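The next block is model.cif, given as mmCIF, C-alpha atoms.
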```cif
data_work
#
loop_
_atom_site.group_PDB
_atom_site.id
_atom_site.type_symbol
_atom_site.label_atom_id
_atom_site.label_comp_id
_atom_site.auth_asym_id
_atom_site.auth_seq_id
_atom_site.Cartn_x
_atom_site.Cartn_y
_atom_site.Cartn_z
ATOM 1 C CA MET A 25 113.279 170.846 115.654
ATOM 2 C CA SER A 26 114.723 168.545 118.261
ATOM 3 C CA HIS A 27 118.359 167.951 119.121
ATOM 4 C CA ASN A 28 120.056 164.642 119.853
ATOM 5 C CA LEU A 29 123.457 164.404 121.549
ATOM 6 C CA ILE A 30 125.590 161.318 120.927
ATOM 7 C CA TYR A 31 129.111 160.719 122.192
ATOM 8 C CA THR A 32 131.839 159.506 119.866
ATOM 9 C CA ASP A 33 132.372 155.736 119.783
ATOM 10 C CA SER A 34 129.425 155.254 122.127
ATOM 11 C CA ALA A 35 127.368 152.063 122.338
ATOM 12 C CA SER A 36 124.308 154.239 122.985
ATOM 13 C CA ARG A 37 123.486 155.885 119.655
ATOM 14 C CA LYS A 38 119.713 156.260 119.754
ATOM 15 C CA VAL A 39 118.168 159.070 117.683
ATOM 16 C CA SER A 40 114.549 159.893 118.522
ATOM 17 C CA LEU A 41 111.662 161.833 117.042
ATOM 18 C CA ALA A 42 108.806 162.649 119.412
ATOM 19 C CA VAL A 43 105.567 162.714 117.410
ATOM 20 C CA PRO A 44 102.014 161.745 118.488
ATOM 21 C CA VAL A 45 101.123 160.078 115.181
ATOM 22 C CA THR A 46 101.916 156.796 113.424
ATOM 23 C CA PRO A 47 103.300 156.796 109.871
ATOM 24 C CA VAL A 48 101.184 155.194 107.170
ATOM 25 C CA ALA A 49 102.772 151.886 106.194
ATOM 26 C CA GLY A 50 105.205 152.201 103.302
ATOM 27 C CA THR A 51 105.522 156.007 103.461
ATOM 28 C CA LEU A 52 108.337 156.428 105.989
ATOM 29 C CA ASN A 53 111.692 157.678 104.681
ATOM 30 C CA VAL A 54 114.590 158.744 106.921
ATOM 31 C CA PHE A 55 117.789 160.237 105.493
ATOM 32 C CA ILE A 56 120.931 161.538 107.215
ATOM 33 C CA TYR A 57 122.749 164.572 105.803
ATOM 34 C CA GLU A 58 126.054 166.252 106.558
ATOM 35 C CA ASN A 59 126.927 169.651 105.106
ATOM 36 C CA GLY A 60 123.955 169.361 102.774
ATOM 37 C CA GLU A 61 124.986 165.982 101.333
ATOM 38 C CA GLN A 62 123.210 162.701 102.021
ATOM 39 C CA VAL A 63 125.514 160.294 103.875
ATOM 40 C CA HIS A 64 123.123 157.513 104.876
ATOM 41 C CA GLU A 65 119.594 156.178 104.417
ATOM 42 C CA VAL A 66 118.038 154.680 107.546
ATOM 43 C CA THR A 67 116.331 151.384 106.773
ATOM 44 C CA THR A 68 115.318 150.272 110.281
ATOM 45 C CA VAL A 69 113.087 152.589 112.306
ATOM 46 C CA ILE A 70 111.368 151.535 115.521
ATOM 47 C CA ALA A 71 107.871 152.761 116.407
ATOM 48 C CA GLU A 72 107.600 153.652 120.098
ATOM 49 C CA THR A 73 104.741 154.868 122.265
ATOM 50 C CA ASP A 74 105.968 158.452 122.078
ATOM 51 C CA GLY A 75 107.407 158.549 118.564
ATOM 52 C CA LEU A 76 110.056 156.980 116.351
ATOM 53 C CA SER A 77 113.704 156.063 116.807
ATOM 54 C CA PHE A 78 116.678 154.425 115.127
ATOM 55 C CA THR A 79 120.299 153.628 115.952
ATOM 56 C CA LEU A 80 122.841 155.937 114.371
ATOM 57 C CA PRO A 81 125.419 153.912 112.401
ATOM 58 C CA PHE A 82 128.723 153.534 114.200
ATOM 59 C CA PHE A 83 130.736 154.856 111.256
ATOM 60 C CA LEU A 84 129.100 158.247 111.762
ATOM 61 C CA THR A 85 130.192 158.513 115.401
ATOM 62 C CA GLN A 86 133.967 158.230 115.228
ATOM 63 C CA ASN A 87 134.649 161.973 114.930
ATOM 64 C CA ASP A 88 132.886 165.157 116.021
ATOM 65 C CA ARG A 89 130.258 166.182 113.480
ATOM 66 C CA GLN A 90 126.904 167.874 112.958
ATOM 67 C CA LEU A 91 124.261 165.724 111.258
ATOM 68 C CA GLU A 92 120.774 166.459 109.996
ATOM 69 C CA VAL A 93 118.080 163.769 110.002
ATOM 70 C CA ARG A 94 115.156 164.276 107.657
ATOM 71 C CA TRP A 95 111.946 162.434 108.512
ATOM 72 C CA GLN A 96 109.287 162.073 105.816
ATOM 73 C CA PHE A 97 106.027 160.134 106.078
ATOM 74 C CA ASN A 98 102.270 160.351 105.739
ATOM 75 C CA TYR A 99 99.833 160.040 108.642
ATOM 76 C CA VAL A 100 96.079 159.999 109.052
ATOM 77 C CA GLU A 101 94.228 162.469 111.247
ATOM 78 C CA ASP A 102 90.445 163.074 111.281
ATOM 79 C CA SER A 103 90.063 160.714 108.305
ATOM 80 C CA ALA A 104 92.416 162.870 106.219
ATOM 81 C CA THR A 105 95.955 162.015 105.092
ATOM 82 C CA HIS A 106 98.673 164.561 105.807
ATOM 83 C CA ALA A 107 102.371 164.748 104.945
ATOM 84 C CA TYR A 108 105.082 165.117 107.601
ATOM 85 C CA ASP A 109 108.492 166.466 106.570
ATOM 86 C CA GLN A 110 110.786 167.688 109.339
ATOM 87 C CA THR A 111 114.480 167.778 110.209
ATOM 88 C CA THR A 112 116.101 166.955 113.531
ATOM 89 C CA TYR A 113 119.714 167.534 114.448
ATOM 90 C CA VAL A 114 122.335 165.174 115.828
ATOM 91 C CA GLU A 115 125.510 166.442 117.477
ATOM 92 C CA VAL A 116 128.293 163.892 117.772
ATOM 93 C CA VAL A 117 130.915 165.021 120.299
ATOM 94 C CA ARG A 118 133.833 163.596 122.219
ATOM 95 C CA PRO A 119 133.290 163.899 125.986
ATOM 96 C CA ILE A 120 136.173 165.452 127.860
ATOM 97 C CA ILE A 121 135.699 162.711 130.455
ATOM 98 C CA PRO A 122 133.862 159.430 129.722
ATOM 99 C CA ILE A 123 130.401 159.219 131.251
ATOM 100 C CA ALA A 124 131.370 156.217 133.361
ATOM 101 C CA LYS A 125 134.167 158.268 134.939
ATOM 102 C CA VAL A 126 131.803 161.216 135.511
ATOM 103 C CA LYS A 127 129.416 158.917 137.415
ATOM 104 C CA GLU A 128 132.321 157.630 139.479
ATOM 105 C CA ILE A 129 133.296 161.189 140.450
ATOM 106 C CA LEU A 130 129.723 162.204 141.247
ATOM 107 C CA GLY A 131 129.151 159.168 143.438
ATOM 108 C CA ALA A 132 126.051 157.168 144.269
ATOM 109 C CA GLY A 133 122.646 158.502 143.340
ATOM 110 C CA PHE A 134 123.593 159.821 139.900
ATOM 111 C CA ASP A 135 122.444 157.992 136.758
ATOM 112 C CA ASP A 136 123.652 158.277 133.158
ATOM 113 C CA ALA A 137 121.326 161.200 132.425
ATOM 114 C CA ASP A 138 122.685 163.129 135.423
ATOM 115 C CA ALA A 139 126.270 162.387 134.374
ATOM 116 C CA GLU A 140 125.595 163.513 130.795
ATOM 117 C CA THR A 141 124.087 166.781 132.029
ATOM 118 C CA VAL A 142 127.146 167.483 134.195
ATOM 119 C CA GLU A 143 129.541 166.504 131.395
ATOM 120 C CA GLN A 144 127.832 168.880 128.976
ATOM 121 C CA SER A 145 127.929 171.743 131.449
ATOM 122 C CA VAL A 146 131.618 171.216 132.211
ATOM 123 C CA ARG A 147 132.468 170.835 128.508
ATOM 124 C CA TYR A 148 130.653 174.063 127.620
ATOM 125 C CA ILE A 149 132.425 175.938 130.422
ATOM 126 C CA ILE A 150 135.831 174.723 129.242
ATOM 127 C CA GLN A 151 135.032 175.504 125.611
ATOM 128 C CA ALA A 152 133.862 179.007 126.523
ATOM 129 C CA HIS A 153 136.948 179.620 128.669
ATOM 130 C CA THR A 154 139.533 178.298 126.198
ATOM 131 C CA GLY A 155 137.825 179.283 122.944
ATOM 132 C CA GLN A 156 138.266 175.813 121.485
ATOM 133 C CA SER A 157 136.875 172.297 121.703
ATOM 134 C CA PHE A 158 138.918 169.145 122.223
ATOM 135 C CA GLY A 159 137.234 166.792 119.791
ATOM 136 C CA LYS A 160 138.319 165.714 116.326
ATOM 137 C CA PHE A 161 136.731 166.921 113.103
ATOM 138 C CA THR A 162 137.325 166.007 109.457
ATOM 139 C CA GLY A 163 136.303 168.493 106.802
ATOM 140 C CA VAL A 164 136.849 171.948 105.350
ATOM 141 C CA LYS A 165 137.495 175.136 107.306
ATOM 142 C CA ARG A 166 138.145 178.596 105.882
ATOM 143 C CA ALA A 167 141.036 180.955 106.577
ATOM 144 C CA TYR A 168 141.965 184.361 105.189
ATOM 145 C CA GLY A 169 145.373 185.519 104.040
ATOM 146 C CA LYS A 170 147.041 188.420 105.846
ATOM 147 C CA GLY A 171 149.897 189.033 103.444
ATOM 148 C CA ASP A 172 152.335 186.832 105.381
ATOM 149 C CA HIS A 173 154.424 183.759 104.604
ATOM 150 C CA PHE A 174 152.210 181.847 107.043
ATOM 151 C CA LEU A 175 148.445 181.366 107.220
ATOM 152 C CA ARG A 176 146.596 181.741 110.520
ATOM 153 C CA LEU A 177 144.101 178.910 110.970
ATOM 154 C CA PRO A 178 140.624 179.066 112.544
ATOM 155 C CA ASP A 179 141.155 175.813 114.434
ATOM 156 C CA ARG A 180 143.942 173.411 115.323
ATOM 157 C CA LEU A 181 145.012 171.426 112.241
ATOM 158 C CA LEU A 182 146.348 167.876 112.606
ATOM 159 C CA GLU A 183 146.796 167.055 108.915
ATOM 160 C CA PHE A 184 145.581 168.449 105.627
ATOM 161 C CA THR A 185 144.888 166.988 102.201
ATOM 162 C CA SER A 186 144.194 170.043 100.070
ATOM 163 C CA LEU A 187 143.936 173.814 100.031
ATOM 164 C CA ASN A 188 141.388 175.406 97.704
ATOM 165 C CA GLY A 189 141.072 171.968 96.130
ATOM 166 C CA SER A 190 144.784 171.663 95.335
ATOM 167 C CA ILE A 191 146.594 168.625 96.755
ATOM 168 C CA ALA A 192 149.935 170.112 95.646
ATOM 169 C CA TRP A 193 150.013 172.021 98.919
ATOM 170 C CA ALA A 194 151.223 168.883 100.675
ATOM 171 C CA ASP A 195 154.598 169.426 98.957
ATOM 172 C CA TYR A 196 154.822 173.162 99.602
ATOM 173 C CA ALA A 197 153.332 173.830 103.035
ATOM 174 C CA SER A 198 153.801 172.514 106.544
ATOM 175 C CA ILE A 199 151.754 172.705 109.743
ATOM 176 C CA ASP A 200 153.383 174.949 112.334
ATOM 177 C CA ASN A 201 152.665 176.626 115.682
ATOM 178 C CA HIS A 202 151.338 173.378 117.161
ATOM 179 C CA GLY A 203 148.721 173.181 114.411
ATOM 180 C CA TRP A 204 147.566 176.796 114.399
ATOM 181 C CA SER A 205 149.219 177.925 111.163
ATOM 182 C CA LEU A 206 150.363 176.779 107.736
ATOM 183 C CA SER A 207 153.770 177.900 106.476
ATOM 184 C CA VAL A 208 155.567 177.566 103.170
ATOM 185 C CA LYS A 209 158.235 174.894 103.615
ATOM 186 C CA GLY A 210 161.808 176.131 103.799
ATOM 187 C CA TYR A 211 160.778 179.772 103.646
ATOM 188 C CA PHE A 212 163.882 181.938 103.760
ATOM 189 C CA GLY A 213 163.687 185.320 102.107
ATOM 190 C CA ILE A 214 161.692 185.330 98.882
ATOM 191 C CA PRO A 215 159.618 182.129 98.577
ATOM 192 C CA PRO A 216 159.711 180.137 95.291
ATOM 193 C CA VAL A 217 155.903 179.901 95.282
ATOM 194 C CA LYS A 218 153.004 182.237 95.802
ATOM 195 C CA ALA A 219 149.486 181.193 96.778
ATOM 196 C CA ASP A 220 146.219 182.592 95.524
ATOM 197 C CA TYR A 221 142.680 181.258 95.212
ATOM 198 C CA ASN A 222 143.666 179.129 92.202
ATOM 199 C CA GLY A 223 146.375 177.298 94.128
ATOM 200 C CA ILE A 224 150.179 177.324 93.983
ATOM 201 C CA ASN A 225 151.977 179.510 91.458
ATOM 202 C CA GLU A 226 155.700 179.072 90.846
ATOM 203 C CA MET A 227 157.474 182.418 90.770
ATOM 204 C CA THR A 228 159.920 182.284 87.851
ATOM 205 C CA SER A 229 160.400 185.993 87.099
ATOM 206 C CA PRO A 230 162.865 188.081 89.113
ATOM 207 C CA VAL A 231 161.417 189.678 92.204
ATOM 208 C CA PRO A 232 162.650 193.208 92.977
ATOM 209 C CA ILE A 233 164.194 193.730 96.386
ATOM 210 C CA THR A 234 163.745 197.057 98.070
ATOM 211 C CA VAL A 235 165.327 198.624 101.120
ATOM 212 C CA PRO A 236 164.373 197.881 103.771
ATOM 213 C CA TYR A 237 164.216 194.268 102.581
ATOM 214 C CA ARG A 238 160.733 192.814 102.388
ATOM 215 C CA ALA A 239 159.951 189.360 101.002
ATOM 216 C CA THR A 240 156.947 188.768 98.796
ATOM 217 C CA PRO A 241 154.204 187.139 100.919
ATOM 218 C CA ALA A 242 153.181 183.558 100.195
ATOM 219 C CA PHE A 243 149.577 184.047 101.347
ATOM 220 C CA VAL A 244 147.862 186.968 99.654
ATOM 221 C CA ALA A 245 146.143 189.500 101.915
ATOM 222 C CA GLY A 246 142.366 189.146 101.730
ATOM 223 C CA ALA A 247 142.506 185.890 99.756
ATOM 224 C CA VAL A 248 140.231 183.034 100.845
ATOM 225 C CA TYR A 249 141.778 179.648 101.639
ATOM 226 C CA ASP A 250 139.613 176.566 102.167
ATOM 227 C CA ILE A 251 141.614 173.905 103.990
ATOM 228 C CA ASP A 252 140.425 170.299 103.842
ATOM 229 C CA GLY A 253 141.905 168.160 106.583
ATOM 230 C CA VAL A 254 141.685 166.710 110.070
ATOM 231 C CA TRP A 255 141.195 169.268 112.851
ATOM 232 C CA GLY A 256 141.239 169.267 116.624
ATOM 233 C CA TRP A 257 142.907 166.802 118.964
ATOM 234 C CA ASN A 258 143.721 163.105 118.756
ATOM 235 C CA TYR A 259 143.090 162.929 122.511
ATOM 236 C CA VAL A 260 142.008 165.293 125.265
ATOM 237 C CA PRO A 261 145.157 166.757 126.898
ATOM 238 C CA ALA A 262 145.750 165.610 130.479
ATOM 239 C CA PRO A 263 145.549 169.138 132.000
ATOM 240 C CA VAL A 264 142.141 169.627 130.355
ATOM 241 C CA VAL A 265 140.925 166.308 131.779
ATOM 242 C CA GLU A 266 142.185 167.278 135.229
ATOM 243 C CA ALA A 267 140.440 170.663 134.998
ATOM 244 C CA ALA A 268 137.218 168.938 133.986
ATOM 245 C CA MET A 269 137.464 166.613 136.985
ATOM 246 C CA LEU A 270 137.822 169.597 139.314
ATOM 247 C CA LEU A 271 134.751 171.231 137.802
ATOM 248 C CA ILE A 272 132.751 168.004 138.102
ATOM 249 C CA HIS A 273 133.644 167.879 141.795
ATOM 250 C CA ASP A 274 132.375 171.467 142.027
ATOM 251 C CA TYR A 275 129.068 170.435 140.479
ATOM 252 C CA ALA A 276 128.747 167.583 142.945
ATOM 253 C CA CYS A 277 129.204 170.073 145.775
ATOM 254 C CA ALA A 278 126.022 171.598 147.183
ATOM 255 C CA ASP A 279 127.664 175.048 147.142
ATOM 256 C CA ALA A 280 127.482 174.983 143.324
ATOM 257 C CA THR A 281 123.759 175.733 143.521
ATOM 258 C CA TYR A 282 124.399 178.980 145.344
ATOM 259 C CA ARG A 283 127.239 179.943 143.016
ATOM 260 C CA ASP A 284 125.093 179.302 139.919
ATOM 261 C CA ARG A 285 122.560 181.758 141.344
ATOM 262 C CA PHE A 286 125.242 184.421 141.907
ATOM 263 C CA LEU A 287 124.869 184.408 145.699
ATOM 264 C CA THR A 288 127.999 185.793 147.326
ATOM 265 C CA SER A 289 126.791 185.684 150.893
ATOM 266 C CA MET A 290 124.147 183.757 152.806
ATOM 267 C CA THR A 291 123.833 183.853 156.592
ATOM 268 C CA ALA A 292 121.903 181.754 159.085
ATOM 269 C CA ALA A 293 121.861 181.776 162.896
ATOM 270 C CA ASP A 294 125.118 179.889 163.314
ATOM 271 C CA TRP A 295 126.816 179.832 159.894
ATOM 272 C CA ARG A 296 127.619 181.985 156.876
ATOM 273 C CA ILE A 297 128.548 181.225 153.238
ATOM 274 C CA GLN A 298 130.466 183.818 151.213
ATOM 275 C CA PHE A 299 132.198 183.262 147.900
ATOM 276 C CA HIS A 300 135.331 184.954 146.671
ATOM 277 C CA ALA A 301 134.833 187.112 143.544
ATOM 278 C CA GLY A 302 136.922 184.584 141.613
ATOM 279 C CA ALA A 303 134.094 182.065 141.924
ATOM 280 C CA PHE A 304 132.299 183.985 139.175
ATOM 281 C CA GLN A 305 135.250 184.465 136.825
ATOM 282 C CA ASP A 306 136.456 182.177 134.030
ATOM 283 C CA THR A 307 135.641 178.579 135.044
ATOM 284 C CA GLY A 308 134.924 179.528 138.668
ATOM 285 C CA ASN A 309 137.775 177.318 139.885
ATOM 286 C CA VAL A 310 141.231 178.863 140.169
ATOM 287 C CA ARG A 311 143.030 175.508 139.853
ATOM 288 C CA ALA A 312 141.040 174.675 136.716
ATOM 289 C CA ASN A 313 141.897 178.115 135.304
ATOM 290 C CA GLN A 314 145.593 177.430 135.859
ATOM 291 C CA LEU A 315 145.402 173.998 134.234
ATOM 292 C CA LEU A 316 143.632 175.434 131.178
ATOM 293 C CA GLU A 317 145.863 178.502 130.850
ATOM 294 C CA ASP A 318 148.068 176.989 128.130
ATOM 295 C CA TYR A 319 145.011 176.114 126.012
ATOM 296 C CA VAL A 320 143.292 179.503 126.000
ATOM 297 C CA ILE A 321 143.133 181.102 122.563
ATOM 298 C CA LYS A 322 143.930 184.792 122.681
ATOM 299 C CA ARG A 323 142.983 186.959 119.682
ATOM 300 C CA GLY A 324 142.678 183.968 117.423
ATOM 301 C CA TRP A 325 145.906 182.268 118.551
ATOM 302 C CA VAL A 326 146.504 179.622 121.134
ATOM 303 C CA VAL A 327 149.197 180.213 123.730
ATOM 304 C CA PHE A 328 151.660 177.363 124.340
#
```
Represent the structure from my file as structure tokens, please.
Amino acid sequence: MSHNLIYTDSASRKVSLAVPVTPVAGTLNVFIYENGEQVHEVTTVIAETDGLSFTLPFFLTQNDRQLEVRWQFNYVEDSATHAYDQTTYVEVVRPIIPIAKVKEILGAGFDDADAETVEQSVRYIIQAHTGQSFGKFTGVKRAYGKGDHFLRLPDRLLEFTSLNGSIAWADYASIDNHGWSLSVKGYFGIPPVKADYNGINEMTSPVPITVPYRATPAFVAGAVYDIDGVWGWNYVPAPVVEAAMLLIHDYACADATYRDRFLTSMTAADWRIQFHAGAFQDTGNVRANQLLEDYVIKRGWVVF
């Protein structure tokens, strides 16, 4: 099962399948799926010397997403006809820094493939350090109630259309904490609504008040909430871009090879290289760590 990486809004959207056989004419079918649902049928496939390829439609590359490509065809081997049915995976992601800019930072001698490798490495380091990605995703994510008037979210929410299939939530809830929680609008004391798996329930009966005062929670503890909306970031924040540029410069530096191999000291006749212990912590760059500090998620929450 191969993996294809394509950047959002990219002109280069080639998806390849490396196989040593040629499909029998009229038997080739290629379908693209997302979350188990077919989203596109590929009608133009190019036969190459080392396999097959097609261009991913542009409409599928405008947001981050995970796609599955199913290849089905017959082929002839040793005078016998066999069936081929396999799935490859396509990851559409927003680069933290455009590839052209990465090449500019790296300097002469680096091609697109080199720049893409560096971009991926830097992106993975930043994602691992912060606990979040900086792309944009449309779809459903799941959260769990904690018995509070607000709902902690698994990712940063930009806008939402429904919760557990109910669009009525748009009138009752608002996005708070810079996108990391949903709250009941105008919540002061006992809320007029209560949420469970079936949606919004208006609370018409009197609610007893005890001492000490405790309001009835809007989001039931242990309840499952499926939020359909737009997640992530409309753009990569400037401090994250700056941190990525610093890390790319580190990769362009020859010392990065020694650091990647965990060498803290290397001595020759007239020189010596020794790294500070911080070179192996977090991103490995103290300035990048400082730039990313406000975007690090701690215990499921992002710090702003």
Review point. Between A:Asp179, A:Asp195, A:Asp318, A:Glu115, which has the minimum distance to Arg37 of chain A (counting all atoms listed in the file)?
Key: A:Glu115
Exercise for review: Apply the PyMOL selection byres ((chain A and resi 121) around 12) to the file shown and report the selected residues as a ChimeraX atom specification.
Suggested key: /A:31-32,117-120,122-129,139-140,142-147,158-159,259-272
Point to revise | Picked residues, the PyMOL selection byres ((chain A and resi 68-75) around 6), expected as a ChimeraX atom specification | key: /A:41-43,66-67,76-78
Point to revise | Atom-to-atom span, atom CA of Ala242 of chain A and atom CA of Ser198 of chain A, Å | key: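 Between atom CA of Ala242 of chain A and atom CA of Ser198 of chain A the gap works out to 12.8 Å.
Shortest separation to Leu175 of chain A among A:Ala245, A:Gln156, A:Tyr319, A:Ala49 occurs at residue A:Ala245, atoms counted being all atoms listed in the file.
Shortest separation to Lys165 of chain A among A:Ser190, A:Tyr249, A:Arg94, A:Phe243 occurs at residue A:Tyr249, atoms counted being all atoms listed in the file.
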Check your understanding: When distances are computed from only C-alpha atoms, which of A:Leu52, A:Val45, A:Ala107, A:Val39 shows the smallest separation from Leu80 of chain A?
Key ->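 Residue with the minimum atom-to-atom distance to Leu80 of chain A: A:Val39.
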Exercise for review: Run the PyMOL selection byres ((chain A and resi 87) around 12) on the file and write out the hits as a ChimeraX atom specification.
Suggested key: /A:30-34,82-86,88-91,115-119,158-163,254-259
Check your understanding: Any idea what's packed within 8 Å of Asn53 of chain A, counting only C-alpha atoms, ignoring anything in its chain fewer than 5 positions away? Could you give it as a list of chain:residue names?
Key -> A:Val66, A:Trp95, A:Gln96, A:Phe97
Go ahead and write the selection's residues with C-alpha atoms as a PDB file, in the coordinates of the input.
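See again13.pdb below for the written result:
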```pdb
ATOM      1  CA  VAL A  66     118.038 154.680 107.546  1.00  0.00           C
ATOM      2  CA  TRP A  95     111.946 162.434 108.512  1.00  0.00           C
ATOM      3  CA  GLN A  96     109.287 162.073 105.816  1.00  0.00           C
ATOM      4  CA  PHE A  97     106.027 160.134 106.078  1.00  0.00           C
TER       5      PHE A  97
END
```
**Study point:** Between atom CA of Leu130 of chain A and atom CA of Asn309 of chain A - distance in Å to one decimal
**Key:**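 Going from atom CA of Asn309 of chain A over to atom CA of Leu130 of chain A covers 17.2 Å.
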Revision key, fill the gap. Here atom CA of Asp250 of chain A and atom CA of Ala167 of chain A stand apart by 6.4 Å
**Study point:** Which of A:Ser36, A:Asn28, A:Thr105, A:Thr79 sits closest to Thr51 of chain A [using only C-alpha atoms]
**Key:**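 The answer is A:Thr105, which sits nearest to Thr51 of chain A.
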**Study point:** Nearest residue to Ser207 of chain A from the set A:Asp172, A:Gln151, A:His64, A:Thr185 (distances using all atoms listed in the file)
**Key:**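 Comparing A:Asp172, A:Gln151, A:His64, A:Thr185 against Ser207 of chain A, the winner is A:Asp172.
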Point to revise | Shell of 7 Å around Glu65 of chain A, all atoms listed in the file, local chain residues under 5 positions omitted, as a PyMOL selection string | key: chain A and resi 54-56
Go ahead and write the residues just picked, C-alpha atoms, as a PDB file, keeping the file's coordinate frame.
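Result file follows (part.pdb):
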```
ATOM      1  CA  VAL A  54     114.590 158.744 106.921  1.00  0.00           C
ATOM      2  CA  PHE A  55     117.789 160.237 105.493  1.00  0.00           C
ATOM      3  CA  ILE A  56     120.931 161.538 107.215  1.00  0.00           C
TER       4      ILE A  56
END
```
